[in-house]
Structure formats: structure tokens, C-alpha cells
$ cat run-v1.txt   # compact mmCIF, C-alpha atoms
# COMPACT_ATOMS: atom_id res chain seq x y z
CA MET A 1 -0.74 19.69 21.86
CA THR A 2 -2.61 22.63 20.34
CA TRP A 3 -5.80 21.82 18.48
CA SER A 4 -6.38 25.07 16.64
CA ASN A 5 -4.46 25.28 13.38
CA GLY A 6 -6.01 28.45 12.05
CA SER A 7 -7.23 26.86 8.82
CA SER A 8 -10.60 27.37 7.22
CA VAL A 9 -13.41 24.88 7.75
CA SER A 10 -14.51 22.64 4.87
CA THR A 11 -17.71 20.64 4.70
CA PRO A 12 -17.31 16.92 3.87
CA ASP A 13 -19.32 15.51 0.97
CA ASP A 14 -19.54 12.16 -0.83
CA ARG A 15 -16.46 13.00 -2.90
CA SER A 16 -14.32 13.79 0.15
CA PRO A 17 -11.56 11.32 1.11
CA HIS A 18 -12.83 8.71 3.57
CA ILE A 19 -10.60 8.17 6.62
CA LEU A 20 -10.82 5.46 9.29
CA LEU A 21 -9.37 6.77 12.58
CA VAL A 22 -8.47 3.91 14.94
CA GLU A 23 -7.49 5.16 18.40
CA ASP A 24 -8.39 4.02 21.93
CA GLU A 25 -7.82 7.34 23.73
CA PRO A 26 -11.09 9.34 23.74
CA GLU A 27 -9.26 12.54 24.70
CA LEU A 28 -7.30 12.24 21.44
CA VAL A 29 -10.11 10.91 19.24
CA THR A 30 -12.56 13.75 19.89
CA PRO A 31 -10.36 16.67 18.79
CA LEU A 32 -8.77 14.68 15.96
CA HIS A 33 -12.17 13.67 14.63
CA ARG A 34 -13.31 17.28 14.72
CA LEU A 35 -10.12 18.55 13.08
CA LEU A 36 -10.28 16.08 10.20
CA GLN A 37 -13.92 16.89 9.56
CA GLN A 38 -13.04 20.59 9.53
CA GLN A 39 -10.51 19.80 6.81
CA GLY A 40 -13.29 18.34 4.68
CA TYR A 41 -12.64 14.63 5.26
CA GLN A 42 -15.28 11.97 5.91
CA VAL A 43 -14.20 10.28 9.15
CA GLU A 44 -15.20 7.00 10.79
CA VAL A 45 -13.88 6.11 14.26
CA ALA A 46 -13.02 2.79 15.89
CA TYR A 47 -11.82 2.58 19.51
CA ASP A 48 -10.33 -0.93 19.35
CA GLY A 49 -8.81 -3.28 16.81
CA ASP A 50 -11.73 -5.68 16.61
CA SER A 51 -14.29 -3.01 15.71
CA ALA A 52 -11.80 -1.46 13.25
CA TRP A 53 -11.43 -4.79 11.50
CA GLN A 54 -15.20 -5.19 11.29
CA GLN A 55 -15.44 -1.80 9.59
CA LEU A 56 -12.70 -2.73 7.16
CA ILE A 57 -14.42 -5.93 6.02
CA LEU A 58 -18.00 -4.68 6.36
CA GLU A 59 -20.26 -5.74 3.51
CA ASP A 60 -23.49 -4.01 2.56
CA PRO A 61 -26.50 -5.90 1.12
CA ASP A 62 -26.51 -3.30 -1.65
CA PRO A 63 -23.68 -4.37 -4.03
CA ASP A 64 -23.29 -0.78 -5.25
CA VAL A 65 -22.34 0.45 -1.77
CA ARG A 66 -18.61 0.26 -0.97
CA HIS A 67 -17.19 0.77 2.49
CA ALA A 68 -13.71 1.52 1.13
CA PHE A 69 -11.42 3.86 3.03
CA ASP A 70 -8.91 6.13 1.34
CA LEU A 71 -6.66 6.22 4.42
CA LEU A 72 -6.22 4.48 7.79
CA VAL A 73 -4.88 6.53 10.71
CA LEU A 74 -3.97 3.70 13.02
CA ASP A 75 -2.75 3.47 16.61
CA TRP A 76 -0.35 0.58 17.21
CA MET A 77 -1.35 -0.46 20.72
CA LEU A 78 -5.09 -1.19 20.75
CA PRO A 79 -7.41 -3.39 22.81
CA GLY A 80 -7.97 -6.69 20.99
CA TYR A 81 -6.54 -6.84 17.49
CA SER A 82 -3.47 -4.56 17.49
CA GLY A 83 -2.81 -1.91 14.88
CA TYR A 84 0.34 -3.80 13.91
CA GLN A 85 -1.70 -6.97 13.27
CA ILE A 86 -4.27 -5.03 11.23
CA CYS A 87 -1.52 -3.56 9.08
CA GLN A 88 0.20 -6.91 8.53
CA THR A 89 -3.05 -8.70 7.69
CA LEU A 90 -4.23 -6.08 5.22
CA ARG A 91 -0.92 -6.12 3.38
CA SER A 92 -0.72 -9.92 3.31
CA ARG A 93 -4.14 -9.95 1.62
CA GLY A 94 -3.21 -7.41 -1.01
CA ASP A 95 -5.01 -4.38 0.42
CA GLN A 96 -2.98 -1.29 -0.52
CA THR A 97 -4.98 1.32 1.43
CA PRO A 98 -2.48 3.91 2.75
CA ILE A 99 -1.76 3.42 6.46
CA LEU A 100 -0.39 6.08 8.83
CA PHE A 101 0.71 4.79 12.23
CA LEU A 102 0.00 7.29 15.01
CA THR A 103 1.68 5.87 18.10
CA ALA A 104 3.71 6.45 21.25
CA LYS A 105 6.18 3.72 20.20
CA ASP A 106 9.11 5.96 19.42
CA THR A 107 12.30 3.91 18.97
CA VAL A 108 14.01 3.43 15.63
CA ASP A 109 13.32 -0.32 15.91
CA ASP A 110 9.61 0.44 16.34
CA ARG A 111 9.59 2.64 13.24
CA VAL A 112 11.41 0.03 11.18
CA LEU A 113 9.08 -2.72 12.39
CA GLY A 114 5.97 -0.68 11.54
CA LEU A 115 7.18 0.35 8.09
CA ASP A 116 8.34 -3.18 7.28
CA ALA A 117 4.88 -4.45 8.28
CA GLY A 118 3.48 -2.34 5.45
CA ALA A 119 2.73 1.08 6.94
CA ASP A 120 3.20 4.00 4.55
CA ASP A 121 4.08 6.55 7.22
CA TYR A 122 4.78 6.71 10.95
CA LEU A 123 4.15 9.64 13.31
CA VAL A 124 5.14 9.54 16.98
CA LYS A 125 2.97 11.03 19.76
CA PRO A 126 3.03 13.82 20.77
CA PHE A 127 2.91 15.44 17.34
CA GLN A 128 2.22 18.77 15.67
CA LEU A 129 -1.14 19.02 13.94
CA ARG A 130 0.32 20.77 10.91
CA GLU A 131 2.67 17.85 10.38
CA LEU A 132 -0.14 15.30 10.77
CA LEU A 133 -2.30 17.11 8.20
CA ALA A 134 0.64 17.44 5.80
CA ARG A 135 1.37 13.72 6.04
CA ILE A 136 -2.30 12.89 5.45
CA ARG A 137 -2.37 15.12 2.37
CA ALA A 138 0.81 13.48 1.06
CA LEU A 139 -0.59 9.97 1.47
CA LEU A 140 -3.86 10.92 -0.22
CA ARG A 141 -1.89 12.28 -3.19
CA ARG A 142 -0.39 8.87 -3.94
CA PRO A 143 -0.98 7.87 -7.57
CA PRO A 144 -4.04 5.66 -8.15
CA LEU A 145 -1.79 3.07 -9.80
CA LEU A 146 -0.86 1.80 -6.36
CA SER A 147 -4.34 0.54 -5.60
CA GLU A 148 -5.23 -0.79 -9.05
CA GLY A 149 -5.06 -4.47 -9.85
CA TYR A 150 -5.64 -5.73 -6.31
CA PRO A 151 -8.68 -7.61 -5.00
CA GLU A 152 -11.34 -5.51 -3.31
CA ASN A 153 -12.17 -8.21 -0.77
CA PRO A 154 -9.48 -8.40 1.96
CA GLU A 155 -10.66 -11.93 2.81
CA VAL A 156 -9.15 -13.23 -0.46
CA ALA A 157 -5.41 -13.94 -0.78
CA PRO A 158 -4.19 -12.02 -3.83
CA SER A 159 -2.62 -14.74 -6.01
CA LEU A 160 -1.94 -13.47 -9.52
CA ARG A 161 -1.71 -15.55 -12.70
CA VAL A 162 -0.40 -14.32 -16.04
CA GLU A 163 0.04 -17.10 -18.61
CA ASN A 164 2.48 -19.63 -17.11
CA LEU A 165 3.35 -17.39 -14.15
CA LEU A 166 1.59 -17.75 -10.80
CA LEU A 167 2.56 -15.35 -8.02
CA ASP A 168 1.74 -16.12 -4.39
CA PRO A 169 2.55 -12.81 -2.61
CA LEU A 170 1.57 -14.11 0.83
CA ASN A 171 4.32 -16.76 0.75
CA GLN A 172 6.67 -14.80 -1.54
CA LEU A 173 6.69 -17.56 -4.15
CA LEU A 174 6.59 -17.43 -7.94
CA TYR A 175 5.54 -20.56 -9.81
CA LEU A 176 6.99 -20.61 -13.33
CA GLN A 177 5.90 -23.62 -15.37
CA ASP A 178 4.95 -25.14 -12.00
CA GLN A 179 8.46 -24.69 -10.59
CA PRO A 180 8.55 -22.71 -7.30
CA ILE A 181 10.94 -19.75 -7.10
CA ASN A 182 11.63 -18.05 -3.77
CA LEU A 183 11.41 -14.25 -3.89
CA SER A 184 12.43 -11.52 -1.49
CA GLU A 185 9.82 -9.10 -0.17
CA LYS A 186 10.85 -6.36 -2.63
CA GLU A 187 10.98 -8.81 -5.55
CA THR A 188 7.47 -9.96 -4.66
CA GLN A 189 6.15 -6.40 -4.50
CA LEU A 190 7.86 -5.52 -7.78
CA LEU A 191 6.55 -8.55 -9.65
CA GLN A 192 3.06 -8.07 -8.18
CA LEU A 193 3.06 -4.54 -9.56
CA PHE A 194 4.28 -5.68 -13.00
CA MET A 195 1.80 -8.57 -13.24
CA SER A 196 -1.07 -6.25 -12.30
CA HIS A 197 -0.25 -3.97 -15.26
CA PRO A 198 0.86 -6.15 -18.22
CA GLY A 199 2.03 -4.18 -21.23
CA GLN A 200 1.83 -0.85 -19.38
CA LEU A 201 4.81 1.48 -19.06
CA LEU A 202 5.57 1.91 -15.36
CA THR A 203 7.87 4.86 -14.78
CA HIS A 204 10.81 4.83 -12.40
CA GLU A 205 8.95 7.32 -10.20
CA GLN A 206 5.78 5.21 -10.02
CA ILE A 207 7.66 2.03 -9.13
CA ILE A 208 9.87 3.72 -6.53
CA ALA A 209 6.82 5.36 -4.91
CA HIS A 210 5.21 1.91 -4.66
CA LEU A 211 8.21 -0.03 -3.33
CA TRP A 212 9.81 2.65 -1.17
CA PRO A 213 7.14 5.17 -0.11
CA GLN A 214 9.44 6.61 2.58
CA ASP A 215 13.06 6.10 1.54
CA LYS A 216 13.01 7.35 -2.09
CA PRO A 217 16.22 5.57 -3.25
CA SER A 218 17.91 6.29 -6.57
CA SER A 219 16.89 4.60 -9.81
CA ASN A 220 20.11 2.53 -9.50
CA VAL A 221 18.58 0.70 -6.53
CA LEU A 222 15.48 -0.03 -8.60
CA ALA A 223 17.62 -1.23 -11.53
CA ALA A 224 19.42 -3.64 -9.19
CA GLN A 225 16.11 -5.07 -7.95
CA VAL A 226 14.91 -5.54 -11.53
CA ARG A 227 18.16 -7.33 -12.47
CA LEU A 228 17.83 -9.73 -9.54
CA LEU A 229 14.22 -10.49 -10.43
CA ARG A 230 15.07 -11.02 -14.11
CA ARG A 231 17.87 -13.44 -13.24
CA LYS A 232 15.58 -15.58 -11.10
CA ILE A 233 12.94 -15.73 -13.82
CA GLU A 234 15.42 -16.38 -16.64
CA ALA A 235 17.14 -19.14 -14.66
CA HIS A 236 13.87 -21.10 -14.58
CA SER A 237 12.45 -20.28 -18.02
CA SER A 238 13.02 -21.87 -21.40
CA ALA A 239 15.26 -20.11 -23.90
CA ASP A 240 13.20 -17.15 -25.06
CA PRO A 241 14.84 -14.20 -26.81
CA SER A 242 12.16 -11.78 -25.58
CA PRO A 243 12.69 -10.55 -21.99
CA LEU A 244 9.63 -10.64 -19.76
CA ILE A 245 10.56 -7.34 -18.04
CA ARG A 246 11.69 -4.83 -20.64
CA THR A 247 13.63 -1.65 -19.99
CA VAL A 248 12.28 1.53 -21.55
CA TYR A 249 15.42 3.64 -21.40
CA GLY A 250 15.11 6.91 -19.56
CA LYS A 251 11.52 6.13 -18.53
CA GLY A 252 10.91 2.85 -16.73
CA TYR A 253 9.88 -0.75 -17.41
CA ARG A 254 7.20 -2.83 -19.13
CA PHE A 255 6.05 -6.31 -18.13
CA CYS A 256 5.54 -8.13 -21.43
CA PRO A 257 3.96 -11.59 -21.37
CA GLU A 258 3.04 -13.00 -24.77
CA ALA A 259 -0.57 -11.79 -24.59
CA ALA A 260 0.41 -8.18 -23.85
CA THR A 261 0.97 -5.63 -26.59
CA CYS A 262 4.42 -4.16 -25.95
CA THR A 263 6.23 -1.66 -28.12
CA GLY A 264 9.58 -0.13 -27.29
CA GLY A 265 12.13 -1.16 -24.73
CA GLU A 266 14.32 -4.20 -24.48
$ encode --input "run-v1.txt" --output "C-alpha cells"
Amino acid sequence: MTWSNGSSVSTPDDRSPHILLVEDEPELVTPLHRLLQQQGYQVEVAYDGDSAWQQLILEDPDPDVRHAFDLLVLDWMLPGYSGYQICQTLRSRGDQTPILFLTAKDTVDDRVLGLDAGADDYLVKPFQLRELLARIRALLRRPPLLSEGYPENPEVAPSLRVENLLLDPLNQLLYLQDQPINLSEKETQLLQLFMSHPGQLLTHEQIIAHLWPQDKPSSNVLAAQVRLLRRKIEAHSSADPSPLIRTVYGKGYRFCPEAATCTGGE
């Protein structure tokens, strides 16, 4: 693995993206830390899962100080709390911080398991530095929509209520007029996104980037997911001529509870 990439050196400042690098191999951490700083990133390092978790939930006595990270570069196999457990726990609590697994686990099953746990990207060791930096840049370019509407405190389970709808993402349950409805993982993610942005037009591209950050399926796949979600909601709701999830043709969808101002779409 070659550590020189021939790029210019940037100096991190308070506006630079903040990365948490979690890796237990010092011979890998030292050059990676240096490289990321040279690219202008602010970098914190944790050598095991327990200390990484402490940094992720760290609270400062000054309420204006936030220890939020813009990206986690996470090894899977760590002493203590594993990277896989960290990823699963963050996602179950609604934390949408981009996660890049950097690991020697190289089978297709490993990749699928990591991505299904909530990772946004997966890079197998050994790797090329140019590819690592390109993947980091891509993750940091993700639209801010993906992190809006979620609780800042990862200790709090992110239940969402909009009028007579209560979504429990952790258990993949929707309560409609106090009736429980079982949802799939994708249906839960889709409804969580809609409920976090009532009345707002969400484009096909924004929704696909949120639900399938790696696969990039066609809009037909998204339309099928929306149809399934609509059917479940309509099967448990009273007769209401106004659909809760409205199609804006050629653009995307709007989530329209009664309190939201929605124009256009059907």
C-alpha cells in the first residue's frame, strides 16, 4: 500500500469535515490519520469500539459545543464493541451519519451483511488510497436532507408522530389510530423520511439516494415501494379521499397529513 498520493496539502479548520477513524492497527492508523489531515479533514482516532462509542455519545458541559462527526471510517473487527455493532446501534437509534466500513472481511456475504446493517459504503483491505479518498468525498457530498429530522442524541429511540400516525423505526411498526402495522425495513425507512419532511417535495433522486445509497435502482423500484406502503396505510385508515403520500408526476412525492400545506400531486 503506497501512502503518497501526490496531492496538495490542505490545512484543516473549524469548517472542515469532521471524521472519526476507528481502527485497531497502529501501522494503518498513523499514515491514514496523516493522509486525511493532509486532505484538509479534521480527524479523531479511536483504537477500539468502546472508546469509539464514548466519542460518539460524548457530551460537553457547554450546550453550544457539538461533538458531531460528518463521517465514520470504521473497522469491522475491533476489540470490545465491534464496528458492526456500532453501525447497527447507531442506525437503530436514528443516527444517519455516513459510515464507511474499512475491513479485511472480503466475502460477498460480509459486504451484504455490513450494508444491510446500515453502512453506506464498504472498502476491503488492502485498498488504493485514491479509491478511499474518492469514496470519502462521495459520502461527504450526500445531500443534507438525509440527516435532517432525526434526533441529535443517539441515546433516544427515534419514534416519530404526525397526527394519528406513530412510527417506531426500531421495531418496524406503524401505529395508525392505535392499530399496529408491520413494515418492512425499506417501508420503515421510506415512511421515516416522509414523516420527517411533511408537505415537502422529495424528489425521486433524493429518496433513492436515501434508501439505496449503493444500488441506485430505477424509479420503478421506488414506485413499487411507495405502492406497497400506501396499500398498508389505506387498508387501516378510514375512508379519506385525500392520499397521505401524493405523487408529483415527473418529480417525486409529498407526504401530506392534514396539518401540512400541500399543493400539486395526487
$ atom_distance --input "run-v1.txt" --atom1 "atom CA of Lys216 of chain A" --atom2 "atom CA of Ala134 of chain A"
17.8 Å
$ closest_residue --input "run-v1.txt" --among "A:Gln85, A:Ser159, A:Thr247, A:Thr97" --to "Leu113 of chain A" --atoms "only C-alpha atoms"
A:Gln85
$ closest_residue --input "run-v1.txt" --among "A:Ala119, A:Val45, A:Leu165, A:Ala235" --to "Leu20 of chain A" --atoms "only C-alpha atoms"
A:Val45
$ residues_near_point --input "run-v1.txt" --point "(-8.6, 5.5, 20.7)" --cutoff "9 Å" --atoms "all atoms listed in the file" --output "list of chain:residue names"
A:Leu21, A:Val22, A:Glu23, A:Asp24, A:Glu25, A:Pro26, A:Glu27, A:Leu28, A:Val29, A:Val45, A:Ala46, A:Tyr47, A:Asp48, A:Asp75, A:Leu78
$ atom_distance --input "run-v1.txt" --atom1 "atom CA of Ile99 of chain A" --atom2 "atom CA of Ile181 of chain A"
29.7 Å
$ atom_distance --input "run-v1.txt" --atom1 "atom CA of Phe255 of chain A" --atom2 "atom CA of Leu229 of chain A"
12.0 Å
$ residues_around --input "run-v1.txt" --residues "Leu133 of chain A" --least-positions-apart "5" --cutoff "9 Å" --atoms "all atoms listed in the file" --output "list in words"
Leu36, Gln39, Gln128 and Ala138 of chain A
$ residues_around --input "run-v1.txt" --residues "Lys232 of chain A" --least-positions-apart "4" --cutoff "12 Å" --atoms "all atoms listed in the file" --output "PyMOL selection string"
chain A and resi 173-176+179-184+187-188+191+225-228+236-237+244-245
$ write_last_selection --input "run-v1.txt" --atoms "C-alpha atoms" --output "JSON list (two decimals), in the coordinates of the input"
[["chain", "number", "residue", "atom", "x", "y", "z"],
["A", 173, "LEU", "CA", 6.69, -17.56, -4.15],
["A", 174, "LEU", "CA", 6.59, -17.43, -7.94],
["A", 175, "TYR", "CA", 5.54, -20.56, -9.81],
["A", 176, "LEU", "CA", 6.99, -20.61, -13.33],
["A", 179, "GLN", "CA", 8.46, -24.69, -10.59],
["A", 180, "PRO", "CA", 8.55, -22.71, -7.30],
["A", 181, "ILE", "CA", 10.94, -19.75, -7.10],
["A", 182, "ASN", "CA", 11.63, -18.05, -3.77],
["A", 183, "LEU", "CA", 11.41, -14.25, -3.89],
["A", 184, "SER", "CA", 12.43, -11.52, -1.49],
["A", 187, "GLU", "CA", 10.98, -8.81, -5.55],
["A", 188, "THR", "CA", 7.47, -9.96, -4.66],
["A", 191, "LEU", "CA", 6.55, -8.55, -9.65],
["A", 225, "GLN", "CA", 16.11, -5.07, -7.95],
["A", 226, "VAL", "CA", 14.91, -5.54, -11.53],
["A", 227, "ARG", "CA", 18.16, -7.33, -12.47],
["A", 228, "LEU", "CA", 17.83, -9.73, -9.54],
["A", 236, "HIS", "CA", 13.87, -21.10, -14.58],
["A", 237, "SER", "CA", 12.45, -20.28, -18.02],
["A", 244, "LEU", "CA", 9.63, -10.64, -19.76],
["A", 245, "ILE", "CA", 10.56, -7.34, -18.04]]
$ residues_around --input "run-v1.txt" --residues "Lys105 of chain A" --least-positions-apart "6" --cutoff "10 Å" --atoms "all atoms listed in the file" --output "short mmCIF file (atom, residue, chain, number, x, y, z; two decimals) with C-alpha atoms, keeping the file's coordinate frame"
data_model
loop_
_atom_site.label_atom_id
_atom_site.label_comp_id
_atom_site.auth_asym_id
_atom_site.auth_seq_id
_atom_site.Cartn_x
_atom_site.Cartn_y
_atom_site.Cartn_z
CA ASP A 75 -2.75 3.47 16.61
CA TRP A 76 -0.35 0.58 17.21
CA MET A 77 -1.35 -0.46 20.72
CA ARG A 111 9.59 2.64 13.24
CA GLY A 114 5.97 -0.68 11.54
CA TYR A 122 4.78 6.71 10.95
CA LEU A 123 4.15 9.64 13.31
CA VAL A 124 5.14 9.54 16.98
CA LYS A 125 2.97 11.03 19.76
#
$ closest_residue --input "run-v1.txt" --among "A:Arg230, A:His204, A:Arg161, A:Arg91" --to "Asp120 of chain A" --atoms "only C-alpha atoms"
A:Arg91
$ closest_residue --input "run-v1.txt" --among "A:Val108, A:Leu140, A:Ala117, A:Leu222" --to "His18 of chain A" --atoms "all atoms listed in the file"
A:Leu140
$ decode --input "run-v1.txt" --residues "segment 188-229 of chain A" --atoms "C-alpha atoms" --output "mmCIF file, in the first residue's frame"
data_model
loop_
_atom_site.group_PDB
_atom_site.id
_atom_site.type_symbol
_atom_site.label_atom_id
_atom_site.label_comp_id
_atom_site.auth_asym_id
_atom_site.auth_seq_id
_atom_site.Cartn_x
_atom_site.Cartn_y
_atom_site.Cartn_z
ATOM 1 C CA THR A 188 -39.869 1.907 7.517
ATOM 2 C CA GLN A 189 -37.021 3.953 6.044
ATOM 3 C CA LEU A 190 -39.327 5.441 3.413
ATOM 4 C CA LEU A 191 -42.046 6.424 5.879
ATOM 5 C CA GLN A 192 -39.464 7.794 8.328
ATOM 6 C CA LEU A 193 -38.168 10.051 5.570
ATOM 7 C CA PHE A 194 -41.677 11.202 4.602
ATOM 8 C CA MET A 195 -42.766 11.860 8.197
ATOM 9 C CA SER A 196 -39.605 13.881 8.838
ATOM 10 C CA HIS A 197 -40.481 16.226 5.941
ATOM 11 C CA PRO A 198 -44.288 16.747 5.886
ATOM 12 C CA GLY A 199 -45.519 18.794 2.950
ATOM 13 C CA GLN A 200 -42.077 18.886 1.317
ATOM 14 C CA LEU A 201 -41.470 17.654 -2.222
ATOM 15 C CA LEU A 202 -38.953 14.815 -2.063
ATOM 16 C CA THR A 203 -37.529 14.067 -5.492
ATOM 17 C CA HIS A 204 -37.003 10.575 -6.854
ATOM 18 C CA GLU A 205 -33.244 11.173 -6.697
ATOM 19 C CA GLN A 206 -33.299 12.262 -3.040
ATOM 20 C CA ILE A 207 -35.386 9.291 -1.931
ATOM 21 C CA ILE A 208 -33.351 6.756 -3.909
ATOM 22 C CA ALA A 209 -30.092 8.180 -2.503
ATOM 23 C CA HIS A 210 -31.524 7.745 0.998
ATOM 24 C CA LEU A 211 -32.940 4.229 0.617
ATOM 25 C CA TRP A 212 -30.353 2.737 -1.733
ATOM 26 C CA PRO A 213 -27.061 4.634 -1.338
ATOM 27 C CA GLN A 214 -25.153 1.884 -3.179
ATOM 28 C CA ASP A 215 -27.504 0.120 -5.585
ATOM 29 C CA LYS A 216 -29.174 3.085 -7.355
ATOM 30 C CA PRO A 217 -32.259 1.203 -8.649
ATOM 31 C CA SER A 218 -34.688 2.664 -11.173
ATOM 32 C CA SER A 219 -37.593 4.892 -10.184
ATOM 33 C CA ASN A 220 -39.871 1.887 -10.904
ATOM 34 C CA VAL A 221 -38.455 0.145 -7.828
ATOM 35 C CA LEU A 222 -39.191 3.238 -5.748
ATOM 36 C CA ALA A 223 -42.728 3.442 -7.171
ATOM 37 C CA ALA A 224 -43.317 -0.184 -6.162
ATOM 38 C CA GLN A 225 -42.174 0.532 -2.591
ATOM 39 C CA VAL A 226 -44.477 3.552 -2.396
ATOM 40 C CA ARG A 227 -47.433 1.481 -3.656
ATOM 41 C CA LEU A 228 -46.830 -1.200 -1.024
ATOM 42 C CA LEU A 229 -46.600 1.401 1.734
#
